[in-house]
>>> print(open('my_file.txt').read())   # compact mmCIF, N, CA and C atoms
# COMPACT_ATOMS: atom_id res chain seq x y z
N MET A 24 141.06 57.83 -18.75
CA MET A 24 139.90 57.30 -19.42
C MET A 24 139.81 55.79 -19.21
N ALA A 25 140.91 55.09 -19.27
CA ALA A 25 140.89 53.63 -19.10
C ALA A 25 140.43 53.26 -17.69
N PHE A 26 140.81 54.06 -16.71
CA PHE A 26 140.41 53.79 -15.33
C PHE A 26 138.90 53.92 -15.19
N VAL A 27 138.32 54.98 -15.73
CA VAL A 27 136.88 55.19 -15.64
C VAL A 27 136.15 54.12 -16.44
N THR A 28 136.71 53.72 -17.58
CA THR A 28 136.10 52.65 -18.37
C THR A 28 136.02 51.38 -17.56
N PHE A 29 137.10 51.04 -16.85
CA PHE A 29 137.09 49.84 -16.01
C PHE A 29 136.12 49.99 -14.84
N MET A 30 136.17 51.12 -14.16
CA MET A 30 135.34 51.30 -12.97
C MET A 30 133.84 51.29 -13.28
N THR A 31 133.45 51.68 -14.48
CA THR A 31 132.03 51.66 -14.83
C THR A 31 131.62 50.35 -15.50
N SER A 32 132.57 49.46 -15.73
CA SER A 32 132.24 48.15 -16.32
C SER A 32 131.66 47.24 -15.24
N SER A 33 131.12 46.12 -15.65
CA SER A 33 130.57 45.15 -14.70
C SER A 33 131.63 44.64 -13.75
N ARG A 34 132.82 44.37 -14.27
CA ARG A 34 133.92 43.92 -13.40
C ARG A 34 134.31 44.97 -12.38
N GLY A 35 134.40 46.21 -12.83
CA GLY A 35 134.76 47.30 -11.93
C GLY A 35 133.73 47.51 -10.84
N ARG A 36 132.47 47.41 -11.21
CA ARG A 36 131.40 47.55 -10.23
C ARG A 36 131.46 46.42 -9.21
N MET A 37 131.68 45.20 -9.67
CA MET A 37 131.77 44.07 -8.76
C MET A 37 132.98 44.21 -7.85
N MET A 38 134.09 44.69 -8.41
CA MET A 38 135.29 44.89 -7.61
C MET A 38 135.05 45.91 -6.51
N ARG A 39 134.31 46.97 -6.81
CA ARG A 39 134.03 47.98 -5.80
C ARG A 39 133.17 47.41 -4.67
N VAL A 40 132.19 46.59 -5.02
CA VAL A 40 131.35 45.96 -4.00
C VAL A 40 132.20 45.06 -3.11
N VAL A 41 133.02 44.22 -3.72
CA VAL A 41 133.87 43.30 -2.95
C VAL A 41 134.86 44.08 -2.08
N ALA A 42 135.49 45.10 -2.64
CA ALA A 42 136.44 45.91 -1.88
C ALA A 42 135.75 46.59 -0.70
N GLY A 43 134.54 47.07 -0.93
CA GLY A 43 133.78 47.70 0.16
C GLY A 43 133.45 46.72 1.27
N ILE A 44 133.07 45.50 0.89
CA ILE A 44 132.76 44.47 1.89
C ILE A 44 134.02 44.12 2.70
N VAL A 45 135.15 44.00 2.00
CA VAL A 45 136.41 43.71 2.69
C VAL A 45 136.76 44.85 3.64
N LEU A 46 136.64 46.08 3.17
CA LEU A 46 136.95 47.24 4.00
C LEU A 46 136.04 47.30 5.22
N MET A 47 134.77 47.02 5.03
CA MET A 47 133.82 47.02 6.13
C MET A 47 134.16 45.92 7.15
N SER A 48 134.51 44.76 6.63
CA SER A 48 134.88 43.64 7.51
C SER A 48 136.12 43.97 8.34
N VAL A 49 137.10 44.56 7.68
CA VAL A 49 138.32 44.96 8.40
C VAL A 49 137.97 45.97 9.49
N GLY A 50 137.13 46.92 9.16
CA GLY A 50 136.76 47.94 10.14
C GLY A 50 136.02 47.37 11.33
N LEU A 51 135.08 46.47 11.07
CA LEU A 51 134.26 45.96 12.16
C LEU A 51 134.91 44.81 12.93
N LEU A 52 135.71 43.99 12.25
CA LEU A 52 136.25 42.80 12.89
C LEU A 52 137.69 42.93 13.37
N ILE A 53 138.47 43.78 12.72
CA ILE A 53 139.88 43.88 13.08
C ILE A 53 140.19 45.19 13.80
N VAL A 54 139.81 46.30 13.21
CA VAL A 54 140.13 47.60 13.79
C VAL A 54 139.26 47.88 15.02
N LYS A 55 137.96 47.65 14.89
CA LYS A 55 136.97 47.83 15.96
C LYS A 55 136.93 49.27 16.47
N ASP A 56 136.26 49.49 17.56
CA ASP A 56 136.10 50.80 18.20
C ASP A 56 135.62 51.87 17.22
N THR A 57 135.91 53.12 17.51
CA THR A 57 135.41 54.24 16.71
C THR A 57 136.02 54.25 15.31
N LEU A 58 137.31 54.01 15.21
CA LEU A 58 137.97 54.01 13.91
C LEU A 58 137.41 52.90 13.01
N GLY A 59 137.14 51.77 13.58
CA GLY A 59 136.55 50.66 12.82
C GLY A 59 135.16 51.01 12.32
N THR A 60 134.38 51.68 13.14
CA THR A 60 133.03 52.11 12.73
C THR A 60 133.12 53.12 11.60
N ILE A 61 134.05 54.05 11.70
CA ILE A 61 134.24 55.05 10.64
C ILE A 61 134.66 54.36 9.35
N LEU A 62 135.56 53.41 9.45
CA LEU A 62 136.01 52.65 8.28
C LEU A 62 134.85 51.89 7.65
N ALA A 63 134.00 51.30 8.47
CA ALA A 63 132.84 50.57 7.96
C ALA A 63 131.86 51.51 7.27
N LEU A 64 131.69 52.70 7.81
CA LEU A 64 130.80 53.68 7.18
C LEU A 64 131.36 54.17 5.85
N VAL A 65 132.67 54.39 5.79
CA VAL A 65 133.32 54.80 4.55
C VAL A 65 133.17 53.71 3.49
N ALA A 66 133.18 52.46 3.93
CA ALA A 66 133.06 51.32 3.01
C ALA A 66 131.70 51.28 2.32
N LEU A 67 130.72 51.97 2.87
CA LEU A 67 129.40 52.00 2.23
C LEU A 67 129.45 52.70 0.87
N LEU A 68 130.37 53.64 0.69
CA LEU A 68 130.47 54.37 -0.58
C LEU A 68 130.80 53.45 -1.75
N PRO A 69 131.87 52.65 -1.70
CA PRO A 69 132.12 51.77 -2.84
C PRO A 69 131.06 50.68 -3.01
N ILE A 70 130.48 50.22 -1.90
CA ILE A 70 129.41 49.21 -2.01
C ILE A 70 128.21 49.81 -2.73
N ALA A 71 127.80 50.98 -2.30
CA ALA A 71 126.65 51.64 -2.93
C ALA A 71 126.96 52.01 -4.37
N GLY A 72 128.17 52.48 -4.62
CA GLY A 72 128.55 52.86 -5.99
C GLY A 72 128.49 51.68 -6.94
N GLY A 73 128.98 50.54 -6.50
CA GLY A 73 128.94 49.36 -7.35
C GLY A 73 127.53 48.83 -7.53
N ALA A 74 126.76 48.82 -6.46
CA ALA A 74 125.41 48.28 -6.52
C ALA A 74 124.44 49.20 -7.25
N LEU A 75 124.61 50.50 -7.09
CA LEU A 75 123.68 51.46 -7.67
C LEU A 75 124.19 52.10 -8.96
N ASP A 76 125.34 51.69 -9.43
CA ASP A 76 125.93 52.14 -10.69
C ASP A 76 126.19 53.64 -10.73
N PHE A 77 127.00 54.10 -9.78
CA PHE A 77 127.53 55.46 -9.88
C PHE A 77 129.02 55.40 -9.58
N CYS A 78 129.74 56.41 -10.09
CA CYS A 78 131.20 56.37 -9.97
C CYS A 78 131.72 57.73 -9.54
N VAL A 79 132.15 57.81 -8.29
CA VAL A 79 132.68 59.06 -7.75
C VAL A 79 134.01 59.40 -8.43
N ALA A 80 134.82 58.39 -8.71
CA ALA A 80 136.10 58.63 -9.38
C ALA A 80 135.88 59.24 -10.76
N GLY A 81 134.83 58.84 -11.44
CA GLY A 81 134.50 59.39 -12.74
C GLY A 81 134.21 60.88 -12.66
N VAL A 82 133.49 61.28 -11.63
CA VAL A 82 133.17 62.70 -11.44
C VAL A 82 134.44 63.50 -11.25
N LEU A 83 135.38 62.95 -10.49
CA LEU A 83 136.65 63.65 -10.25
C LEU A 83 137.46 63.81 -11.54
N MET A 84 137.19 62.95 -12.53
CA MET A 84 137.91 63.01 -13.81
C MET A 84 137.07 63.66 -14.91
N GLY A 85 135.94 64.27 -14.54
CA GLY A 85 135.15 65.02 -15.50
C GLY A 85 134.07 64.23 -16.22
N TYR A 86 133.71 63.07 -15.70
CA TYR A 86 132.65 62.26 -16.31
C TYR A 86 131.39 62.36 -15.46
N PRO A 87 130.24 62.01 -16.03
CA PRO A 87 129.00 62.08 -15.25
C PRO A 87 129.01 61.14 -14.05
N PHE A 88 128.20 61.47 -13.05
CA PHE A 88 128.07 60.67 -11.83
C PHE A 88 127.45 59.31 -12.13
N SER A 89 126.48 59.28 -13.00
CA SER A 89 125.79 58.04 -13.37
C SER A 89 126.70 57.15 -14.21
N GLY A 90 126.77 55.88 -13.85
CA GLY A 90 127.60 54.94 -14.61
C GLY A 90 127.13 54.79 -16.04
N THR A 91 125.82 54.77 -16.25
CA THR A 91 125.27 54.64 -17.59
C THR A 91 125.68 55.82 -18.47
N LYS A 92 125.54 57.02 -17.93
CA LYS A 92 125.90 58.22 -18.69
C LYS A 92 127.40 58.30 -18.93
N ALA A 93 128.18 57.86 -17.95
CA ALA A 93 129.64 57.86 -18.12
C ALA A 93 130.04 56.89 -19.22
N ARG A 94 129.42 55.70 -19.27
CA ARG A 94 129.72 54.73 -20.33
C ARG A 94 129.33 55.29 -21.70
N GLU A 95 128.20 56.01 -21.77
CA GLU A 95 127.79 56.63 -23.03
C GLU A 95 128.82 57.67 -23.48
N GLN A 96 129.26 58.51 -22.56
CA GLN A 96 130.26 59.53 -22.90
C GLN A 96 131.57 58.88 -23.33
N LEU A 97 131.99 57.83 -22.64
CA LEU A 97 133.21 57.12 -23.02
C LEU A 97 133.09 56.52 -24.41
N ALA A 98 131.94 55.96 -24.73
CA ALA A 98 131.72 55.38 -26.05
C ALA A 98 131.78 56.45 -27.13
N GLN A 99 131.20 57.62 -26.85
CA GLN A 99 131.25 58.73 -27.82
C GLN A 99 132.68 59.19 -28.02
N GLU A 100 133.45 59.26 -26.95
CA GLU A 100 134.85 59.69 -27.07
C GLU A 100 135.66 58.69 -27.89
N GLN A 101 135.39 57.41 -27.72
CA GLN A 101 136.12 56.40 -28.49
C GLN A 101 135.73 56.44 -29.96
N ARG A 102 134.47 56.72 -30.26
CA ARG A 102 134.03 56.81 -31.66
C ARG A 102 134.64 58.01 -32.36
N SER A 103 134.84 59.10 -31.61
CA SER A 103 135.36 60.33 -32.23
C SER A 103 136.87 60.27 -32.45
N GLN A 104 137.53 59.30 -31.87
CA GLN A 104 138.99 59.21 -32.05
C GLN A 104 139.37 58.50 -33.30
>>> encode(input="my_file.txt", output="structure tokens")
Amino acid sequence: MAFVTFMTSSRGRMMRVVAGIVLMSVGLLIVKDTLGTILALVALLPIAGGALDFCVAGVLMGYPFSGTKAREQLAQEQRSQ
């Protein structure tokens, strides 16, 4: 729960965007060739997730795909405890 709380927060979203940019840069500038292109394409997922407010990790842990809905569910869980 703490991981999803962080990943759906503003800091977590920003971290995903930055990590995606770093991953893309590594793929295009250091790895290069086909593997670098694949790495750059994979990096689009965390960039899009942070920018568009969705969390794939949350879905894997049973939370909604939408960051807003995941934050609402997390808030309800904290109130019920």
>>> select_by_dssp(input="my_file.txt", residues="range 28-100 of chain A", states="alpha helix (DSSP H)", output="PyMOL selection string")
chain A and resi 28-30+33-48+56-75+79-83+90-100
>>> closest_residue(input="my_file.txt", among="A:Ala25, A:Met38, A:Ala63, A:Leu75", to="Leu97 in chain A", atoms="only C-alpha atoms")
A:Ala25
>>> atom_distance(input="my_file.txt", atom1="CA of Gly59 in chain A", atom2="CA of Val41 in chain A")
17.6 Å
>>> atom_distance(input="my_file.txt", atom1="atom C of Arg102 in chain A", atom2="atom C of Pro87 in chain A")
19.4 Å
>>> atom_distance(input="my_file.txt", atom1="CA of Leu46 in chain A", atom2="CA of Lys92 in chain A")
27.5 Å
>>> closest_residue(input="my_file.txt", among="A:Leu68, A:Thr31, A:Gly43, A:Ile61", to="Ser89 in chain A", atoms="only C-alpha atoms")
A:Thr31
>>> residues_around(input="my_file.txt", residues="Gly50 in chain A", least_positions_apart="4", cutoff="8 Å", atoms="only N, CA and C atoms", output="list in words")
Ile44, Val45, Leu46, Val54, Lys55, Asp56, Thr57, Leu58, Gly59, Thr60, Ile61, Leu62, Ala63 and Leu64 of chain A
>>> closest_residue(input="my_file.txt", among="A:Ala42, A:Cys78, A:Met37, A:Val49", to="Thr91 in chain A", atoms="only N, CA and C atoms")
A:Cys78
